[in-house]
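Input: a single structure, listed below in structure tokens.
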2 protein chains.
Amino acid sequence: MSFREDGHAAVDWVFDYLERVGELPVLAQVEPGDVRRSLPESPPERAESFADVLRDLDDLLLPGITHWQHPRFFAYFATTASEPGILAELLAAALNAVAFIWRTSPASTELEAVTLDWLAQLLGLPSGWHGHIEDTASTSTIAALAAARETTGGRVVVCSEQAHSSVDKAARLLGLELRKTPVDDALRLQPEALDLSDAAAVVATVGTTSTAAVDPVPAIADACEAAGVWLHVDAAYAGSAWVCPELRDSQAGVERADSLVVNPHKWLFVPMDCSAFWSRRPEALRQAFSLVPEYLRTSDEAESLSDYGPALGRRFRSLKLWAVLRCFGREGLQARIREHVRLAELFEGWVCDADGWELGAPRGFSLVCFRRDAPDEANEALLERVNRTGEVFLSHTKLEGRYVLRLAIGNARTTEADVRRVWEILQREAREV
Amino acid sequence: MSFREDGHAAVDWVFDYLERVGELPVLAQVEPGDVRRSLPESPPERAESFADVLRDLDDLLLPGITHWQHPRFFAYFATTASEPGILAELLAAALNAVAFIWRTSPASTELEAVTLDWLAQLLGLPSGWHGHIEDTASTSTIAALAAARETTGGRVVVCSEQAHSSVDKAARLLGLELRKTPVDDALRLQPEALDLSDAAAVVATVGTTSTAAVDPVPAIADACEAAGVWLHVDAAYAGSAWVCPELRDSQAGVERADSLVVNPHKWLFVPMDCSAFWSRRPEALRQAFSLVPEYLRTSDEAESLSDYGPALGRRFRSLKLWAVLRCFGREGLQARIREHVRLAELFEGWVCDADGWELGAPRGFSLVCFRRDAPDEANEALLERVNRTGEVFLSHTKLEGRYVLRLAIGNARTTEADVRRVWEILQREAREV
């Protein structure tokens, strides 16, 4: 069998998988070590066929895969690798372009700039910002904070208690101190509590991980401007919602940010990894990251995107973003985002109307935080039971010390029937706890 | 047309591309801005078909692509995205597993450990090292230096003048001082010149970027052990050669390293990105990077690989490494590495035997540095002419201030005829300079 035939078999595997993924247990039902024990301890001496790999993917790996593509994956932030994005990853792998400087991949470098401009237009961001793609928001945050440190000379990063753990991790990596600001009742950073002494940057979050709360960016921007502090906005999840004009209240003040991250691999149907990073101060990023050794020096007067972040080697990530933006179009993206928010509203309504259930926080975008009106242990046991069914997968957080369940909607395959199903299962299992 | 049919069309595009890539101009023949100007300024309102994307890939992007898959790509370090690796990327994109903790992708987490163990066996590394995958060696170096800083409390990173620029970049990011040690005539770090005062780490290179020189790791390890300094070995390119026992002289002392990076996406037929990172002190990495917020806390007693590096979100990169190791087998990997080294030896012989040509440095593995016995300007003009033909692509470096051409062999499609061809072109163009 030729690799071309293997390729066609792989495509059929992919589309068969996407058709049947809803019937698989969404959360892997294995114990730690099960997958490892099923695999040989040593690599083969002689070549095996790709058909063997595909067979073992089914037999050995699939039971150990938590299906992020499942329509009833409601944990963390639900994501989708859409078909055009998947196929673009195939093409990108075949081209294997490594875009560390312009001439090693002009098309990848320029398509990255073009797609980030397109995305800025779709989201209603200011024109003229410099955009590039990092792998994850963790790296985007590192890039922002490194530029802030370089520009301001400050030694402290300020964020709310509800900011993502990657801010802690980035600060630690960069040797910066982290100062956490209290939040209000709606879990938003309290701007009047901001202490910006010796600060390099404030990270404001639009759509926090626990509850999708929106920090008051305009007031934070005022404080940053007055103190000469870099404002980085983390809209990794919720920024995708801005494709719908009616969801742009949460964008107020973002136009004053020094840098912004939105992850199309979260809620914009692009496969991992694709973290969109914009800055209106690209020279600060270059100052932090540009470094051109002799063997990469060329006479081209073209920008190299490795000057804007930590990594030198860069995959052709813009190809999948381009494919998704084109194959969905503005209308297609809007329709799905609106549907996800509608489904979250529906679920929120059921929780509010049901005896013995309560919201844990106000619904944010397509994320609902809720709980049984019962002790934490009961809620924890409920989540454990519900996830063990294999039919649905939800996650949790703690809010003011209380255990809260999270239902995140964001998979393109999720329908109203799926949301009804998770509510049925929750009610059924709650009776058993 | 369904996406499944699009998928089959994409696979045919990929295999047609791999068949014809040798006929395309290897270095993109466009000027900065050409690709950008050929693309619409705004994204589409309505969905377009994937067939349109595929058509524009051919018509608009391909002229702007530098073909890393071309058999006469001899620049930087030549790479290969092999067929099993490409197809595995398709599968990984379809699964879209995000392995930030064990339960979000048990199979990805455990396969990563298994494939890194397999690879350690293939390369003859000590057993028991902890392995995980980062995107690039830049990130692997960041991880190593962060762990070194955490463990030793030192504030200085020491490397040779020939170490890769990513060491400078990582040190800057981490707020560490960089101290460069002189090299000997063969461009290897001089261990007697090491100054380890206040040092956190030494980065020793096995296979430097300019000339594939091998630092004297045993002597460096002695110095590091005596001073309590972390030893990180950067074998990003040359480490793959260790799959052949006869090329393991360069491995001496590596068993004493605290951490090691080898990039299978360089010379082991895996598509970008796949940087293999091992450490015999995994607890130091966890100390530097582990941080588990409430929303990621689980009762699983299983390790999460995001505790070992900067990023939280992790792609299913082990799938392509697994596919490549299986579809090549130890023998297949060895055969190709040996052939590349043989071709480099052949070319080296031609340079040595020809009038008016000279080696710029001793051949290292599959890399030959050479030049015309002529002023730098003539060598620079020669490279420019040769690359402009579109038939071949070479890069350059500077050694002791002199301009030197680099021929790097590493593409699986490269044959002896390709190497003969580049030598013919070099000789022809040299007569014209």
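Chain identifiers are assigned as A, B, and so on, following the order in which chains appear in the structure tokens; residues are numbered from 1 within each chain, and ligands are numbered from 1 in order of appearance.
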Give me the chain A side of the contact with chain B, cut-off 6 Å, one line per residue showing its nearest atom pair and distance in Å at one decimal, counting only C-alpha atoms, sorted by chain and residue number, as JSON lines.
```
{"residue": "A:Gly7", "atom": "CA", "partner": "B:Val11", "partner_atom": "CA", "distance": 5.9}
{"residue": "A:His8", "atom": "CA", "partner": "B:His8", "partner_atom": "CA", "distance": 6.0}
{"residue": "A:Val11", "atom": "CA", "partner": "B:Gly7", "partner_atom": "CA", "distance": 5.9}
{"residue": "A:Pro32", "atom": "CA", "partner": "B:Ala302", "partner_atom": "CA", "distance": 5.8}
{"residue": "A:Arg36", "atom": "CA", "partner": "B:Glu110", "partner_atom": "CA", "distance": 5.5}
{"residue": "A:Ser42", "atom": "CA", "partner": "B:Trp118", "partner_atom": "CA", "distance": 5.4}
{"residue": "A:Pro43", "atom": "CA", "partner": "B:Trp118", "partner_atom": "CA", "distance": 5.3}
{"residue": "A:Pro44", "atom": "CA", "partner": "B:Gly329", "partner_atom": "CA", "distance": 5.2}
{"residue": "A:Glu45", "atom": "CA", "partner": "B:Arg330", "partner_atom": "CA", "distance": 4.6}
{"residue": "A:Arg46", "atom": "CA", "partner": "B:Gly329", "partner_atom": "CA", "distance": 4.4}
{"residue": "A:Ala47", "atom": "CA", "partner": "B:Gly329", "partner_atom": "CA", "distance": 4.3}
{"residue": "A:Glu48", "atom": "CA", "partner": "B:Cys327", "partner_atom": "CA", "distance": 4.8}
{"residue": "A:Ser49", "atom": "CA", "partner": "B:Cys327", "partner_atom": "CA", "distance": 5.7}
{"residue": "A:Leu61", "atom": "CA", "partner": "B:Ala107", "partner_atom": "CA", "distance": 5.6}
{"residue": "A:Gly64", "atom": "CA", "partner": "B:Ala107", "partner_atom": "CA", "distance": 4.6}
{"residue": "A:Ile65", "atom": "CA", "partner": "B:Ser105", "partner_atom": "CA", "distance": 5.3}
{"residue": "A:Thr66", "atom": "CA", "partner": "B:Ser105", "partner_atom": "CA", "distance": 5.2}
{"residue": "A:Trp68", "atom": "CA", "partner": "B:Ala97", "partner_atom": "CA", "distance": 5.9}
{"residue": "A:Ile86", "atom": "CA", "partner": "B:Ala93", "partner_atom": "CA", "distance": 5.2}
{"residue": "A:Leu90", "atom": "CA", "partner": "B:Leu90", "partner_atom": "CA", "distance": 4.9}
{"residue": "A:Ala93", "atom": "CA", "partner": "B:Ile86", "partner_atom": "CA", "distance": 5.3}
{"residue": "A:Ala94", "atom": "CA", "partner": "B:Ile86", "partner_atom": "CA", "distance": 5.8}
{"residue": "A:Ala97", "atom": "CA", "partner": "B:Trp68", "partner_atom": "CA", "distance": 5.9}
{"residue": "A:Thr104", "atom": "CA", "partner": "B:Thr66", "partner_atom": "CA", "distance": 5.6}
{"residue": "A:Ser105", "atom": "CA", "partner": "B:Thr66", "partner_atom": "CA", "distance": 5.2}
{"residue": "A:Pro106", "atom": "CA", "partner": "B:Gly64", "partner_atom": "CA", "distance": 5.3}
{"residue": "A:Ala107", "atom": "CA", "partner": "B:Gly64", "partner_atom": "CA", "distance": 4.6}
{"residue": "A:Glu110", "atom": "CA", "partner": "B:Arg36", "partner_atom": "CA", "distance": 5.6}
{"residue": "A:Trp118", "atom": "CA", "partner": "B:Pro43", "partner_atom": "CA", "distance": 5.3}
{"residue": "A:Ser138", "atom": "CA", "partner": "B:Ala311", "partner_atom": "CA", "distance": 5.4}
{"residue": "A:Leu174", "atom": "CA", "partner": "B:Leu174", "partner_atom": "CA", "distance": 5.0}
{"residue": "A:Pro271", "atom": "CA", "partner": "B:Ala93", "partner_atom": "CA", "distance": 5.9}
{"residue": "A:Glu294", "atom": "CA", "partner": "B:Thr397", "partner_atom": "CA", "distance": 5.8}
{"residue": "A:Tyr295", "atom": "CA", "partner": "B:Thr397", "partner_atom": "CA", "distance": 4.6}
{"residue": "A:Ala302", "atom": "CA", "partner": "B:Pro32", "partner_atom": "CA", "distance": 5.8}
{"residue": "A:Ala311", "atom": "CA", "partner": "B:Ser138", "partner_atom": "CA", "distance": 5.4}
{"residue": "A:Arg326", "atom": "CA", "partner": "B:Glu48", "partner_atom": "CA", "distance": 5.5}
{"residue": "A:Cys327", "atom": "CA", "partner": "B:Ala47", "partner_atom": "CA", "distance": 4.7}
{"residue": "A:Phe328", "atom": "CA", "partner": "B:Ala47", "partner_atom": "CA", "distance": 4.5}
{"residue": "A:Gly329", "atom": "CA", "partner": "B:Ala47", "partner_atom": "CA", "distance": 4.3}
{"residue": "A:Arg330", "atom": "CA", "partner": "B:Glu45", "partner_atom": "CA", "distance": 4.6}
{"residue": "A:Glu331", "atom": "CA", "partner": "B:Arg46", "partner_atom": "CA", "distance": 5.7}
{"residue": "A:His396", "atom": "CA", "partner": "B:Tyr295", "partner_atom": "CA", "distance": 5.7}
{"residue": "A:Thr397", "atom": "CA", "partner": "B:Tyr295", "partner_atom": "CA", "distance": 4.6}
```
query: If you run DSSP on the backbone, which residues of region 43-287 of chain A are strand (DSSP E), as a ChimeraX atom specification?
result: /A:130-134,156-160,177-181,199-205,230-234,259-262,275-279
Output for the residues just chosen: C-alpha atoms as a PDB file, in the first residue's frame:
```
ATOM      1  CA  HIS A 130       0.473  44.432  14.673  1.00  0.00           C
ATOM      2  CA  GLY A 131      -0.671  40.809  14.757  1.00  0.00           C
ATOM      3  CA  HIS A 132       1.102  37.491  14.919  1.00  0.00           C
ATOM      4  CA  ILE A 133       0.294  33.957  16.095  1.00  0.00           C
ATOM      5  CA  GLU A 134       1.696  32.177  19.151  1.00  0.00           C
ATOM      6  CA  VAL A 156       5.528  43.681  39.194  1.00  0.00           C
ATOM      7  CA  VAL A 157       2.651  42.158  37.240  1.00  0.00           C
ATOM      8  CA  VAL A 158      -0.811  43.050  38.471  1.00  0.00           C
ATOM      9  CA  CYS A 159      -3.947  41.036  37.781  1.00  0.00           C
ATOM     10  CA  SER A 160      -7.120  39.990  39.563  1.00  0.00           C
ATOM     11  CA  GLU A 177       6.515  39.621  41.174  1.00  0.00           C
ATOM     12  CA  LEU A 178       2.785  38.942  40.907  1.00  0.00           C
ATOM     13  CA  ARG A 179       0.331  41.179  42.737  1.00  0.00           C
ATOM     14  CA  LYS A 180      -3.284  40.046  42.843  1.00  0.00           C
ATOM     15  CA  THR A 181      -6.061  42.602  43.112  1.00  0.00           C
ATOM     16  CA  ALA A 199       4.295  47.727  38.034  1.00  0.00           C
ATOM     17  CA  ALA A 200       5.378  46.655  34.563  1.00  0.00           C
ATOM     18  CA  ALA A 201       1.951  45.482  33.428  1.00  0.00           C
ATOM     19  CA  VAL A 202      -1.643  44.869  34.337  1.00  0.00           C
ATOM     20  CA  VAL A 203      -3.315  41.821  32.864  1.00  0.00           C
ATOM     21  CA  ALA A 204      -7.052  42.497  32.517  1.00  0.00           C
ATOM     22  CA  THR A 205      -9.250  39.538  31.646  1.00  0.00           C
ATOM     23  CA  TRP A 230       1.523  48.219  30.019  1.00  0.00           C
ATOM     24  CA  LEU A 231      -2.053  46.953  29.690  1.00  0.00           C
ATOM     25  CA  HIS A 232      -2.391  43.406  28.398  1.00  0.00           C
ATOM     26  CA  VAL A 233      -5.922  42.125  27.806  1.00  0.00           C
ATOM     27  CA  ASP A 234      -6.474  38.382  28.048  1.00  0.00           C
ATOM     28  CA  SER A 259      -1.512  44.070  23.748  1.00  0.00           C
ATOM     29  CA  LEU A 260      -4.362  41.632  23.390  1.00  0.00           C
ATOM     30  CA  VAL A 261      -4.695  37.869  23.084  1.00  0.00           C
ATOM     31  CA  VAL A 262      -7.661  35.966  21.592  1.00  0.00           C
ATOM     32  CA  SER A 275      -3.291  32.058  19.772  1.00  0.00           C
ATOM     33  CA  ALA A 276      -3.792  35.456  18.099  1.00  0.00           C
ATOM     34  CA  PHE A 277      -1.687  38.225  19.580  1.00  0.00           C
ATOM     35  CA  TRP A 278      -1.969  41.903  18.704  1.00  0.00           C
ATOM     36  CA  SER A 279      -0.042  44.856  19.934  1.00  0.00           C
TER      37      SER A 279
END
```
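In this structure, CA of Asp353 (chain B) sits 27.0 Å away from CA of Asp249 (chain B).
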query: What residues in region 269-321 of chain A get the DSSP label helix (DSSP H, G or I)? Please answer as a VMD selection string.
result: chain A and resid 282 to 289 294 to 296 305 to 308 318 to 321
query: Looking at only C-alpha atoms, which of A:Leu123, A:Ala226, A:Gly154, A:Arg72 is the one that sits closest to Ile425 (chain A)?
result: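 Result for the nearest residue to Ile425 (chain A): A:Arg72.
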- prompt: CA of Ala241 (chain A) and CA of Trp129 (chain A) are how many Å apart?
  reply: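 One can read the CA of Ala241 (chain A) to CA of Trp129 (chain A) distance as 19.2 Å.
Using only C-alpha atoms, the smallest distance between any of B:Val167, B:Ile409, B:Ala213, B:Gly124 and Asp184 (chain B) comes from B:Ala213.
As for CA of Arg372 (chain B) and CA of Gly356 (chain B), they are spaced 5.7 Å apart.
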query: What's the 10 Å shell around Ile220 (chain A), counting only C-alpha atoms, without same-chain residues fewer than 3 positions away, as a list in words?
result: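 Listing them by chain and then by number gives Leu189, Gln190, Pro191, Glu192, Leu194, Val202, Val203, Ala204, Asp215, Pro216, Val217, Ala223, Cys224, Glu225, Ala226, Leu231, Gly253, Arg256 and Ala257 of chain A.
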field: Residue neighbourhood Glu429 (chain A), 12 Å, only C-alpha atoms, exclusion window fewer than 5 positions, as a count of residues only
entry: 16
- request: Give me the residues within 7 Å of Tyr237 (chain A) as number ranges by chain, counting only C-alpha atoms and dropping any in the same chain fewer than 2 places off.
  value: A: 207, 235, 239-240, 262-263, 266-267
